[in-house]
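Here the structure comes first, spelled out in structure tokens, and everything after it is commentary.
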Amino acid sequence: MGMQIWDAFPCDHYLSLVPWARLELERGGTPRPVAYDIAGVAPEVLASLQEAHGLLSMALKDAINNVVAGRASLGDPVLRVRVEDAYAELVQSLPHLREHIRCRREPDGTFQWEFPLDPTQSAIVTFAGVRVMNALTKQEARLGFAPPIAPAVGTLLGCLDGTHTAAEVRAGVAAAGGDVARELLRLLEVLHAQQCLAASARSTVRARWLTATRDRDVVHLGHAGLLYRQQDQFFCFDPWLVPWFVNAPVPSLCGALLPRPAALFLTHEHDDHMDEHTLLLMPKDMPVIVPSRRDRRALYFDHPAYLRELGFQAVIELAHGERWTFEGGAVVSVPFFGEDPCDLELPRNCYLIVDRGRNTLVLADSGLTNTGRSVVKDGVIEDLVRRYGPIATVFASQQQMLEVRATFYHACLSHPGRWLEIGKNGYLPHRYLVELAASAKARLLVLYSTGGAEWYPYHLSFTFSPSKPARTSLVTANWEQLENLKGLLAPYGCGYHDSHALDIFRPTPDGGTEVVKGREALDPRRLFGADSNG
């Protein structure tokens with residue numbers, strides 16, 4: 001075994017994963033709490049907080065039902081006191097919770113709640129295996145490995161993007177040496193047995209993208225994924241790529257169908273912006289720009305530890321106001337507000353692309369906080385315009401989501417007395433969007449990050465699609481109607497576009513932005529055929 005895999009492919013052919021391959025790392029160790037990804041607090045403390053919230057979940061559900069039924073009011077201070085007292089009673093009844101959580105009712109009636117913070121603590125993710133699934137044949141296989149091997153697995157998978165020959169992949173495996181090399185060979189054998197590897201005499205995907213796009217174009221990859229062309233290189237933002245034939249009517253983009261990025265930018269820790277399956281298959285030797293721990297209040301997501309476990313070698317933390325430079329410009333880290341119903345204030349980034357006199361702003365899900373703060377109210381946009389000039393294109397979410405704080409998956413880290421309050425979870429009303437566009441002096445406001453691709457799984461409520469109008473309506477029926485936004489933006493000289501996957505946003509000579517449909521030129525079937533038939 002081992003040498004057989006190299007006999008299966010010509011040494012000068014380029015290896016890639018087929019678009020219907022799905023690979024999933026399996027976590028090692030004991031099951032982690034839902035909020036496992038939060039650092040700045042010891043794992044055992046986090047587990048206690050999660051357990052306390054979970055043990056009260058049924059009672060909280062009943063309290064919410066009473067509000068919905070009109071038998072109680074969300075703003076009733078008595079309701080808050082009841083939740084706090086129930087929480088304290090629960091914690092006091094269980095010694096292992098009492099060990100980590102301190103809560104009590106003071107003589108003056110205030111409720112004290114605290115848990116120990118430790119900025120050095122991080123629940124490091126470790127992986128102990130990988131599942132290989134072929135979405136076409138519906139077959140799968142599992143390969144277990146020792147946790148220290150996970151980064152090498154990620155590095156190998158990142159090489160299977162159609163830009164490395166079989167000889168180059170073989171050399172990389174051999175360089176790993178010893179047990180690691182043997183495990184990587186086993187993985188390649190499993191991939192081959194599951195019909196998940198393809199070989200091509202040419203590597204032409206990059207050329208296809210260069211033909212279909214122009215310098216300073218932005219391509220919407222679906223949901224929050226963007227690809228920015230900077231001269232003859234590409235920057236990738238928040239990619240979320242799913243394999244073909246997964247409950248979808250049309251084929252999807254996958255890692256090997258994208259041009260190899262010169263850099264990857266991640267805005268925040270949510271799975272639809274930092275998808276583990278997507279990251280696992282991306283090249284690992286490119287710089288990955290992430291939010292900086294220097295911007296944290298107390299809690300944070302440990303991007304460097306997580307990404308290194310996936311095999312990334314150059315993780316760069318960019319604090320707000322800092323710049324990642326390239327020839328002709330820079331990508332500037334911009335503060336991220338909102339999508340934080342429990343006020344955890346985790347470090348997150350938005351990004352301004354400053355490129356030879358043209359500015360593009362990537363806001364992802366950033367919006368209003370519970371207290372009304374935003375990039376507009378805090379003067380962030382005004383300062384960017386003063387420093388760099390008008391922002392031609394602004395990419396923003398269209399979400400208007402409000403949430404009972406107790407139902408948010410990080411609620412255990414917030415004060416129990418506020419669990420039955422409403423929090424803003426990606427809240428961008430039209431008033432805010434108009435102020436945003438006006439402040440940015442934008443020529444085009446693009447709404448994205450709520451789907452925009454038919455290939456996303458149907459069961460995800462936050463991805464909206466014309467193919468599921470009733471389900472979309474169920475979520476958005478009480479939102480302000482998008483068709484009203486065009487008229488509201490017109491007095492400010494700003495256009496509006498509701499984006500769909502493979503839309504291309506192209507600079508115009510007068511400093512504006514035109515929308516070009518890229519669906520035909522960048523159809524995944526054509527991109528795959530370009531190499532597989534070569």
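Naming scheme: A, B, ... for chains in displayed order of the structure tokens; residues 1 onward per chain; ligands 1 onward as shown.
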
Skipping near chain neighbours, those fewer than 5 positions away, what residues fall within 9 Å of Leu482 (chain A) using only C-alpha atoms, listed as a PDB file with C-alpha atoms, in the first residue's frame?
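Okay, this is what ended up in selection23.pdb:
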```pdb
ATOM      1  CA  GLN A 398     -30.006  42.707   4.680  1.00  0.00           C
ATOM      2  CA  HIS A 430     -33.426  50.584   6.098  1.00  0.00           C
ATOM      3  CA  ASP A 498     -29.743  42.334  -4.133  1.00  0.00           C
TER       4      ASP A 498
END
```

What are the DSSP helix (DSSP H, G or I) residues of region 199-364 of chain A, as a ChimeraX atom specification? /A:205-212,255-257,276-280,293-295,303-309

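Take CA of Arg443 (chain A) and CA of Gly495 (chain A): the distance between them is 6.0 Å.
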
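If only C-alpha atoms are the atoms counted, then among A:Trp209, A:Val218, A:Leu279, A:Arg506 the closest residue to Pro259 (chain A) is A:Trp209.
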
Would you mind listing, for every residue of region 290-325 of chain A within 9 Å of region 123-130 of chain A, the two atoms forming the shortest contact and the distance between them in Å to one decimal, using only C-alpha atoms, sorted by chain and ascending residue number, as CSV?
```
residue,atom,partner,partner_atom,distance
A:Asp302,CA,A:Ile124,CA,8.1
A:Ala305,CA,A:Ile124,CA,6.5
A:Tyr306,CA,A:Val125,CA,6.2
A:Glu309,CA,A:Thr126,CA,7.0
A:Leu310,CA,A:Phe127,CA,8.9
```

Those residues you just picked out, can you put them in a file as a CSV table (one decimal), in the first residue's frame with C-alpha atoms?
```csv
chain,number,residue,atom,x,y,z
A,302,ASP,CA,-8.7,31.9,19.2
A,305,ALA,CA,-4.9,28.1,17.3
A,306,TYR,CA,-7.9,27.0,15.3
A,309,GLU,CA,-4.8,23.0,13.6
A,310,LEU,CA,-6.3,23.0,10.1
```

Taking the DSSP secondary structure from the backbone, can you list the residues of region 63-234 of chain A that are strand (DSSP E), as an mmCIF file with N, CA and C atoms, in the first residue's frame?
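Result file follows (part.cif):
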```cif
data_model
loop_
_atom_site.group_PDB
_atom_site.id
_atom_site.type_symbol
_atom_site.label_atom_id
_atom_site.label_comp_id
_atom_site.auth_asym_id
_atom_site.auth_seq_id
_atom_site.Cartn_x
_atom_site.Cartn_y
_atom_site.Cartn_z
ATOM 1 N N ARG A 102 -20.240 32.253 40.559
ATOM 2 C CA ARG A 102 -20.600 32.960 41.791
ATOM 3 C C ARG A 102 -21.813 33.847 41.498
ATOM 4 N N CYS A 103 -22.894 33.605 42.219
ATOM 5 C CA CYS A 103 -24.079 34.433 42.020
ATOM 6 C C CYS A 103 -24.848 34.519 43.332
ATOM 7 N N ARG A 104 -25.416 35.688 43.585
ATOM 8 C CA ARG A 104 -26.133 35.894 44.848
ATOM 9 C C ARG A 104 -26.978 37.164 44.742
ATOM 10 N N ARG A 105 -28.000 37.226 45.584
ATOM 11 C CA ARG A 105 -28.851 38.414 45.687
ATOM 12 C C ARG A 105 -28.331 39.261 46.845
ATOM 13 N N PHE A 111 -28.457 41.751 41.798
ATOM 14 C CA PHE A 111 -28.043 40.356 41.607
ATOM 15 C C PHE A 111 -26.610 40.330 41.083
ATOM 16 N N GLN A 112 -25.724 39.711 41.846
ATOM 17 C CA GLN A 112 -24.325 39.612 41.450
ATOM 18 C C GLN A 112 -24.087 38.276 40.739
ATOM 19 N N TRP A 113 -23.431 38.341 39.602
ATOM 20 C CA TRP A 113 -23.133 37.121 38.829
ATOM 21 C C TRP A 113 -21.770 37.290 38.185
ATOM 22 N N GLU A 114 -20.904 36.306 38.381
ATOM 23 C CA GLU A 114 -19.581 36.391 37.791
ATOM 24 C C GLU A 114 -18.969 34.997 37.671
ATOM 25 N N PHE A 127 -8.214 17.338 16.439
ATOM 26 C CA PHE A 127 -8.937 16.428 15.556
ATOM 27 C C PHE A 127 -8.296 15.047 15.591
ATOM 28 N N ALA A 128 -9.135 14.028 15.490
ATOM 29 C CA ALA A 128 -8.648 12.650 15.613
ATOM 30 C C ALA A 128 -9.051 11.781 14.429
ATOM 31 N N GLY A 129 -9.540 12.371 13.374
ATOM 32 C CA GLY A 129 -9.930 11.585 12.215
ATOM 33 C C GLY A 129 -10.569 12.441 11.152
ATOM 34 N N VAL A 130 -10.799 11.843 10.006
ATOM 35 C CA VAL A 130 -11.429 12.543 8.900
ATOM 36 C C VAL A 130 -12.424 11.606 8.221
ATOM 37 N N ARG A 131 -13.594 12.137 7.894
ATOM 38 C CA ARG A 131 -14.600 11.400 7.128
ATOM 39 C C ARG A 131 -14.542 11.873 5.683
ATOM 40 N N VAL A 132 -14.519 10.926 4.782
ATOM 41 C CA VAL A 132 -14.493 11.215 3.351
ATOM 42 C C VAL A 132 -15.835 10.778 2.776
ATOM 43 N N MET A 133 -16.565 11.735 2.205
ATOM 44 C CA MET A 133 -17.889 11.439 1.669
ATOM 45 C C MET A 133 -17.950 11.809 0.189
ATOM 46 N N ASN A 134 -18.517 10.894 -0.594
ATOM 47 C CA ASN A 134 -18.757 11.157 -2.010
ATOM 48 C C ASN A 134 -20.249 11.431 -2.158
ATOM 49 N N GLN A 139 -21.501 7.290 -0.703
ATOM 50 C CA GLN A 139 -20.663 6.412 0.112
ATOM 51 C C GLN A 139 -19.669 7.251 0.896
ATOM 52 N N GLU A 140 -19.230 6.696 2.009
ATOM 53 C CA GLU A 140 -18.260 7.410 2.834
ATOM 54 C C GLU A 140 -17.328 6.436 3.513
ATOM 55 N N ALA A 141 -16.199 6.967 3.964
ATOM 56 C CA ALA A 141 -15.215 6.178 4.705
ATOM 57 C C ALA A 141 -14.607 7.071 5.781
ATOM 58 N N ARG A 142 -14.096 6.438 6.829
ATOM 59 C CA ARG A 142 -13.490 7.193 7.925
ATOM 60 C C ARG A 142 -12.059 6.744 8.122
ATOM 61 N N LEU A 143 -11.197 7.714 8.371
ATOM 62 C CA LEU A 143 -9.793 7.428 8.656
ATOM 63 C C LEU A 143 -9.433 8.098 9.978
ATOM 64 N N GLY A 144 -9.081 7.287 10.976
ATOM 65 C CA GLY A 144 -8.648 7.839 12.257
ATOM 66 C C GLY A 144 -7.159 8.118 12.241
ATOM 67 N N ASP A 161 -5.855 21.123 -4.979
ATOM 68 C CA ASP A 161 -6.706 22.171 -5.545
ATOM 69 C C ASP A 161 -6.496 22.341 -7.037
ATOM 70 N N GLY A 162 -5.821 21.371 -7.653
ATOM 71 C CA GLY A 162 -5.613 21.427 -9.092
ATOM 72 C C GLY A 162 -4.441 22.262 -9.534
ATOM 73 N N THR A 163 -3.611 22.724 -8.586
ATOM 74 C CA THR A 163 -2.444 23.535 -8.956
ATOM 75 C C THR A 163 -1.133 22.801 -8.701
ATOM 76 N N HIS A 164 -1.201 21.568 -8.186
ATOM 77 C CA HIS A 164 0.007 20.782 -7.905
ATOM 78 C C HIS A 164 -0.053 19.465 -8.676
ATOM 79 N N THR A 165 1.086 19.069 -9.257
ATOM 80 C CA THR A 165 1.150 17.794 -9.961
ATOM 81 C C THR A 165 1.237 16.643 -8.965
ATOM 82 N N LEU A 197 -10.725 11.681 -6.168
ATOM 83 C CA LEU A 197 -9.564 12.342 -6.750
ATOM 84 C C LEU A 197 -9.707 12.423 -8.263
ATOM 85 N N ALA A 198 -9.286 13.542 -8.839
ATOM 86 C CA ALA A 198 -9.281 13.719 -10.286
ATOM 87 C C ALA A 198 -7.893 14.184 -10.719
ATOM 88 N N ALA A 199 -7.518 13.827 -11.936
ATOM 89 C CA ALA A 199 -6.229 14.264 -12.480
ATOM 90 C C ALA A 199 -6.454 14.929 -13.828
ATOM 91 N N SER A 200 -5.681 15.970 -14.094
ATOM 92 C CA SER A 200 -5.830 16.722 -15.336
ATOM 93 C C SER A 200 -4.460 17.041 -15.907
ATOM 94 N N VAL A 218 -15.215 42.495 -8.278
ATOM 95 C CA VAL A 218 -15.584 41.682 -7.113
ATOM 96 C C VAL A 218 -16.597 40.650 -7.585
ATOM 97 N N VAL A 219 -16.336 39.370 -7.284
ATOM 98 C CA VAL A 219 -17.256 38.298 -7.643
ATOM 99 C C VAL A 219 -17.921 37.781 -6.371
ATOM 100 N N HIS A 220 -19.246 37.718 -6.377
ATOM 101 C CA HIS A 220 -19.987 37.153 -5.245
ATOM 102 C C HIS A 220 -19.988 35.632 -5.393
ATOM 103 N N LEU A 221 -19.442 34.927 -4.414
ATOM 104 C CA LEU A 221 -19.348 33.469 -4.459
ATOM 105 C C LEU A 221 -20.543 32.778 -3.812
ATOM 106 N N GLY A 222 -21.511 33.560 -3.353
ATOM 107 C CA GLY A 222 -22.630 33.012 -2.588
ATOM 108 C C GLY A 222 -22.471 33.349 -1.123
ATOM 109 N N GLY A 225 -19.367 35.020 0.737
ATOM 110 C CA GLY A 225 -18.122 34.796 0.023
ATOM 111 C C GLY A 225 -17.917 35.804 -1.105
ATOM 112 N N LEU A 226 -16.762 36.456 -1.109
ATOM 113 C CA LEU A 226 -16.399 37.405 -2.164
ATOM 114 C C LEU A 226 -15.001 37.080 -2.664
ATOM 115 N N LEU A 227 -14.783 37.311 -3.942
ATOM 116 C CA LEU A 227 -13.461 37.157 -4.539
ATOM 117 C C LEU A 227 -13.114 38.477 -5.215
ATOM 118 N N TYR A 228 -12.055 39.124 -4.743
ATOM 119 C CA TYR A 228 -11.642 40.424 -5.274
ATOM 120 C C TYR A 228 -10.417 40.233 -6.157
ATOM 121 N N ARG A 229 -10.504 40.700 -7.378
ATOM 122 C CA ARG A 229 -9.344 40.605 -8.275
ATOM 123 C C ARG A 229 -8.484 41.854 -8.137
ATOM 124 N N GLN A 230 -7.217 41.639 -7.770
ATOM 125 C CA GLN A 230 -6.273 42.748 -7.632
ATOM 126 C C GLN A 230 -5.161 42.516 -8.645
ATOM 127 N N GLN A 233 -4.034 38.833 -9.336
ATOM 128 C CA GLN A 233 -4.180 37.950 -8.181
ATOM 129 C C GLN A 233 -5.568 38.153 -7.583
ATOM 130 N N PHE A 234 -5.940 37.235 -6.694
ATOM 131 C CA PHE A 234 -7.281 37.253 -6.119
ATOM 132 C C PHE A 234 -7.208 37.207 -4.590
#
```

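Rounded to one decimal, CA of Thr393 (chain A) and CA of Ser449 (chain A) lie 15.0 Å from each other.
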
Using only C-alpha atoms, which residues sit within 10 Å of Leu56 (chain A) once same-chain residues fewer than 3 positions away are excluded, as a count of residues only? 11

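Comparing A:Val205, A:Leu15, A:Val515, A:Leu368 by their smallest distance to Gly423 (chain A), the closest is A:Leu368 (using only C-alpha atoms).
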
Residues at most 10 Å from Arg296 (chain A), counting only C-alpha atoms, excluding those fewer than 2 positions away in the same chain, as number ranges by chain? A: 40, 119, 291-294, 298-301, 319, 344-348

Can you write just those residues out, C-alpha atoms, as a PDB file, in the first residue's frame?
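As written to disk, result_38.pdb reads:
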```
ATOM      1  CA  GLY A  40     -10.498  33.802  27.613  1.00  0.00           C
ATOM      2  CA  PRO A 119      -6.968  35.536  29.027  1.00  0.00           C
ATOM      3  CA  PRO A 291      -9.487  39.584  13.864  1.00  0.00           C
ATOM      4  CA  SER A 292      -6.908  40.449  16.508  1.00  0.00           C
ATOM      5  CA  ARG A 293      -7.065  39.472  20.180  1.00  0.00           C
ATOM      6  CA  ARG A 294      -5.851  42.991  20.918  1.00  0.00           C
ATOM      7  CA  ALA A 298     -12.531  39.763  27.809  1.00  0.00           C
ATOM      8  CA  LEU A 299     -13.620  36.858  25.617  1.00  0.00           C
ATOM      9  CA  TYR A 300     -12.369  36.048  22.139  1.00  0.00           C
ATOM     10  CA  PHE A 301     -12.219  33.392  19.448  1.00  0.00           C
ATOM     11  CA  ALA A 319      -6.306  44.922  14.740  1.00  0.00           C
ATOM     12  CA  LEU A 344     -20.060  39.532  24.291  1.00  0.00           C
ATOM     13  CA  GLU A 345     -18.116  42.003  22.104  1.00  0.00           C
ATOM     14  CA  LEU A 346     -15.814  39.382  20.593  1.00  0.00           C
ATOM     15  CA  PRO A 347     -13.050  40.740  18.337  1.00  0.00           C
ATOM     16  CA  ARG A 348     -14.315  40.826  14.754  1.00  0.00           C
TER      17      ARG A 348
END
```

With a distance cut-off of 10 Å and only C-alpha atoms, select the neighbouring residues of Gly328 (chain A), excluding the residue or stretch itself and same-chain residues fewer than 5 positions from it, and output the selection as a PDB file with N, CA, C and O atoms, in the first residue's frame.
```
ATOM      1  N   GLN A 230      -7.217  41.639  -7.770  1.00  0.00           N
ATOM      2  CA  GLN A 230      -6.273  42.748  -7.632  1.00  0.00           C
ATOM      3  C   GLN A 230      -5.161  42.516  -8.645  1.00  0.00           C
ATOM      4  O   GLN A 230      -4.303  41.660  -8.456  1.00  0.00           O
ATOM      5  N   GLN A 231      -5.227  43.260  -9.767  1.00  0.00           N
ATOM      6  CA  GLN A 231      -4.358  43.026 -10.917  1.00  0.00           C
ATOM      7  C   GLN A 231      -4.537  41.566 -11.360  1.00  0.00           C
ATOM      8  O   GLN A 231      -5.628  41.192 -11.752  1.00  0.00           O
ATOM      9  N   VAL A 354      -8.571  49.158  -0.321  1.00  0.00           N
ATOM     10  CA  VAL A 354      -8.110  50.428  -0.893  1.00  0.00           C
ATOM     11  C   VAL A 354      -7.151  50.089  -2.017  1.00  0.00           C
ATOM     12  O   VAL A 354      -6.047  49.588  -1.778  1.00  0.00           O
ATOM     13  N   ASP A 355      -7.565  50.308  -3.250  1.00  0.00           N
ATOM     14  CA  ASP A 355      -6.787  49.820  -4.381  1.00  0.00           C
ATOM     15  C   ASP A 355      -6.725  50.863  -5.497  1.00  0.00           C
ATOM     16  O   ASP A 355      -7.674  51.044  -6.265  1.00  0.00           O
ATOM     17  N   ARG A 356      -5.601  51.594  -5.546  1.00  0.00           N
ATOM     18  CA  ARG A 356      -5.325  52.562  -6.614  1.00  0.00           C
ATOM     19  C   ARG A 356      -6.488  53.528  -6.854  1.00  0.00           C
ATOM     20  O   ARG A 356      -6.968  53.706  -7.980  1.00  0.00           O
ATOM     21  N   GLY A 357      -6.955  54.133  -5.759  1.00  0.00           N
ATOM     22  CA  GLY A 357      -7.971  55.164  -5.871  1.00  0.00           C
ATOM     23  C   GLY A 357      -9.397  54.672  -5.840  1.00  0.00           C
ATOM     24  O   GLY A 357     -10.336  55.482  -5.912  1.00  0.00           O
TER      25      GLY A 357
END
```

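Taking CA of Glu84 (chain A) and CA of Leu402 (chain A) as the two end points, the separation is 22.4 Å.
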
Shell of 9 Å around region 378-386 of chain A, only C-alpha atoms, local chain residues under 5 positions omitted, as JSON, numbers by chain: {"A": [334, 335, 352, 373, 391, 436, 439, 440, 441]}

Could you dump the residues just selected with N, CA and C atoms as a PDB file, in the first residue's frame?
```
ATOM      1  N   VAL A 334     -11.472  47.095   9.804  1.00  0.00           N
ATOM      2  CA  VAL A 334     -12.516  48.029  10.239  1.00  0.00           C
ATOM      3  C   VAL A 334     -13.312  47.380  11.364  1.00  0.00           C
ATOM      4  N   PRO A 335     -13.689  48.121  12.406  1.00  0.00           N
ATOM      5  CA  PRO A 335     -14.468  47.526  13.501  1.00  0.00           C
ATOM      6  C   PRO A 335     -15.782  46.909  13.031  1.00  0.00           C
ATOM      7  N   LEU A 352     -11.893  47.148   4.503  1.00  0.00           N
ATOM      8  CA  LEU A 352     -11.943  48.131   3.417  1.00  0.00           C
ATOM      9  C   LEU A 352     -10.785  47.832   2.464  1.00  0.00           C
ATOM     10  N   ARG A 373     -24.999  51.355  18.663  1.00  0.00           N
ATOM     11  CA  ARG A 373     -23.707  51.689  18.071  1.00  0.00           C
ATOM     12  C   ARG A 373     -23.576  51.021  16.705  1.00  0.00           C
ATOM     13  N   ILE A 391     -16.314  55.588  -0.840  1.00  0.00           N
ATOM     14  CA  ILE A 391     -16.305  54.130  -0.963  1.00  0.00           C
ATOM     15  C   ILE A 391     -17.293  53.751  -2.071  1.00  0.00           C
ATOM     16  N   LEU A 436     -25.697  54.510   6.185  1.00  0.00           N
ATOM     17  CA  LEU A 436     -24.427  53.883   5.830  1.00  0.00           C
ATOM     18  C   LEU A 436     -23.992  54.301   4.430  1.00  0.00           C
ATOM     19  N   SER A 439     -23.150  58.075   4.290  1.00  0.00           N
ATOM     20  CA  SER A 439     -21.901  58.387   4.979  1.00  0.00           C
ATOM     21  C   SER A 439     -20.697  57.916   4.170  1.00  0.00           C
ATOM     22  N   ALA A 440     -20.839  56.781   3.472  1.00  0.00           N
ATOM     23  CA  ALA A 440     -19.739  56.239   2.678  1.00  0.00           C
ATOM     24  C   ALA A 440     -19.594  56.934   1.330  1.00  0.00           C
ATOM     25  N   LYS A 441     -20.587  57.789   0.975  1.00  0.00           N
ATOM     26  CA  LYS A 441     -20.645  58.392  -0.361  1.00  0.00           C
ATOM     27  C   LYS A 441     -20.637  57.287  -1.426  1.00  0.00           C
TER      28      LYS A 441
END
```

Any idea what's packed within 9 Å of region 262-264 of chain A, counting only C-alpha atoms, ignoring anything in its chain fewer than 5 positions away? Could you give it as a PyMOL selection string? chain A and resi 233-239+286-290

Next, the residues of the selection above should be written as a PDB file, in the first residue's frame with N, CA, C and O atoms.
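part.pdb, freshly written:
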```pdb
ATOM      1  N   GLN A 233      -4.034  38.833  -9.336  1.00  0.00           N
ATOM      2  CA  GLN A 233      -4.180  37.950  -8.181  1.00  0.00           C
ATOM      3  C   GLN A 233      -5.568  38.153  -7.583  1.00  0.00           C
ATOM      4  O   GLN A 233      -6.286  39.097  -7.911  1.00  0.00           O
ATOM      5  N   PHE A 234      -5.940  37.235  -6.694  1.00  0.00           N
ATOM      6  CA  PHE A 234      -7.281  37.253  -6.119  1.00  0.00           C
ATOM      7  C   PHE A 234      -7.208  37.207  -4.590  1.00  0.00           C
ATOM      8  O   PHE A 234      -6.420  36.453  -4.021  1.00  0.00           O
ATOM      9  N   PHE A 235      -8.059  38.023  -3.949  1.00  0.00           N
ATOM     10  CA  PHE A 235      -8.245  37.975  -2.502  1.00  0.00           C
ATOM     11  C   PHE A 235      -9.610  37.367  -2.213  1.00  0.00           C
ATOM     12  O   PHE A 235     -10.605  37.728  -2.859  1.00  0.00           O
ATOM     13  N   CYS A 236      -9.675  36.478  -1.239  1.00  0.00           N
ATOM     14  CA  CYS A 236     -10.914  35.780  -0.930  1.00  0.00           C
ATOM     15  C   CYS A 236     -11.416  36.195   0.451  1.00  0.00           C
ATOM     16  O   CYS A 236     -10.617  36.291   1.404  1.00  0.00           O
ATOM     17  N   PHE A 237     -12.722  36.448   0.572  1.00  0.00           N
ATOM     18  CA  PHE A 237     -13.336  36.864   1.830  1.00  0.00           C
ATOM     19  C   PHE A 237     -14.454  35.889   2.216  1.00  0.00           C
ATOM     20  O   PHE A 237     -15.359  35.617   1.415  1.00  0.00           O
ATOM     21  N   ASP A 238     -14.398  35.358   3.422  1.00  0.00           N
ATOM     22  CA  ASP A 238     -15.469  34.544   4.020  1.00  0.00           C
ATOM     23  C   ASP A 238     -16.060  33.495   3.072  1.00  0.00           C
ATOM     24  O   ASP A 238     -17.283  33.420   2.901  1.00  0.00           O
ATOM     25  N   PRO A 239     -15.244  32.637   2.475  1.00  0.00           N
ATOM     26  CA  PRO A 239     -15.812  31.645   1.558  1.00  0.00           C
ATOM     27  C   PRO A 239     -16.594  30.564   2.299  1.00  0.00           C
ATOM     28  O   PRO A 239     -16.209  30.144   3.389  1.00  0.00           O
ATOM     29  N   MET A 286      -0.931  30.266   2.081  1.00  0.00           N
ATOM     30  CA  MET A 286      -1.239  31.677   1.818  1.00  0.00           C
ATOM     31  C   MET A 286      -1.515  32.384   3.147  1.00  0.00           C
ATOM     32  O   MET A 286      -1.896  31.751   4.138  1.00  0.00           O
ATOM     33  N   PRO A 287      -1.329  33.709   3.210  1.00  0.00           N
ATOM     34  CA  PRO A 287      -1.655  34.433   4.447  1.00  0.00           C
ATOM     35  C   PRO A 287      -3.159  34.443   4.701  1.00  0.00           C
ATOM     36  O   PRO A 287      -3.959  34.610   3.775  1.00  0.00           O
ATOM     37  N   VAL A 288      -3.539  34.230   5.970  1.00  0.00           N
ATOM     38  CA  VAL A 288      -4.934  34.301   6.397  1.00  0.00           C
ATOM     39  C   VAL A 288      -5.034  35.446   7.390  1.00  0.00           C
ATOM     40  O   VAL A 288      -4.381  35.433   8.436  1.00  0.00           O
ATOM     41  N   ILE A 289      -5.852  36.446   7.062  1.00  0.00           N
ATOM     42  CA  ILE A 289      -5.982  37.639   7.899  1.00  0.00           C
ATOM     43  C   ILE A 289      -7.239  37.487   8.736  1.00  0.00           C
ATOM     44  O   ILE A 289      -8.331  37.244   8.220  1.00  0.00           O
ATOM     45  N   VAL A 290      -7.080  37.640  10.064  1.00  0.00           N
ATOM     46  CA  VAL A 290      -8.175  37.391  11.007  1.00  0.00           C
ATOM     47  C   VAL A 290      -8.255  38.513  12.032  1.00  0.00           C
ATOM     48  O   VAL A 290      -7.322  39.310  12.174  1.00  0.00           O
TER      49      VAL A 290
END
```

Using only C-alpha atoms for the distances, tell me which of A:Asp503, A:Pro416, A:Pro390, A:Thr137 is nearest to Ala521 (chain A). A:Asp503
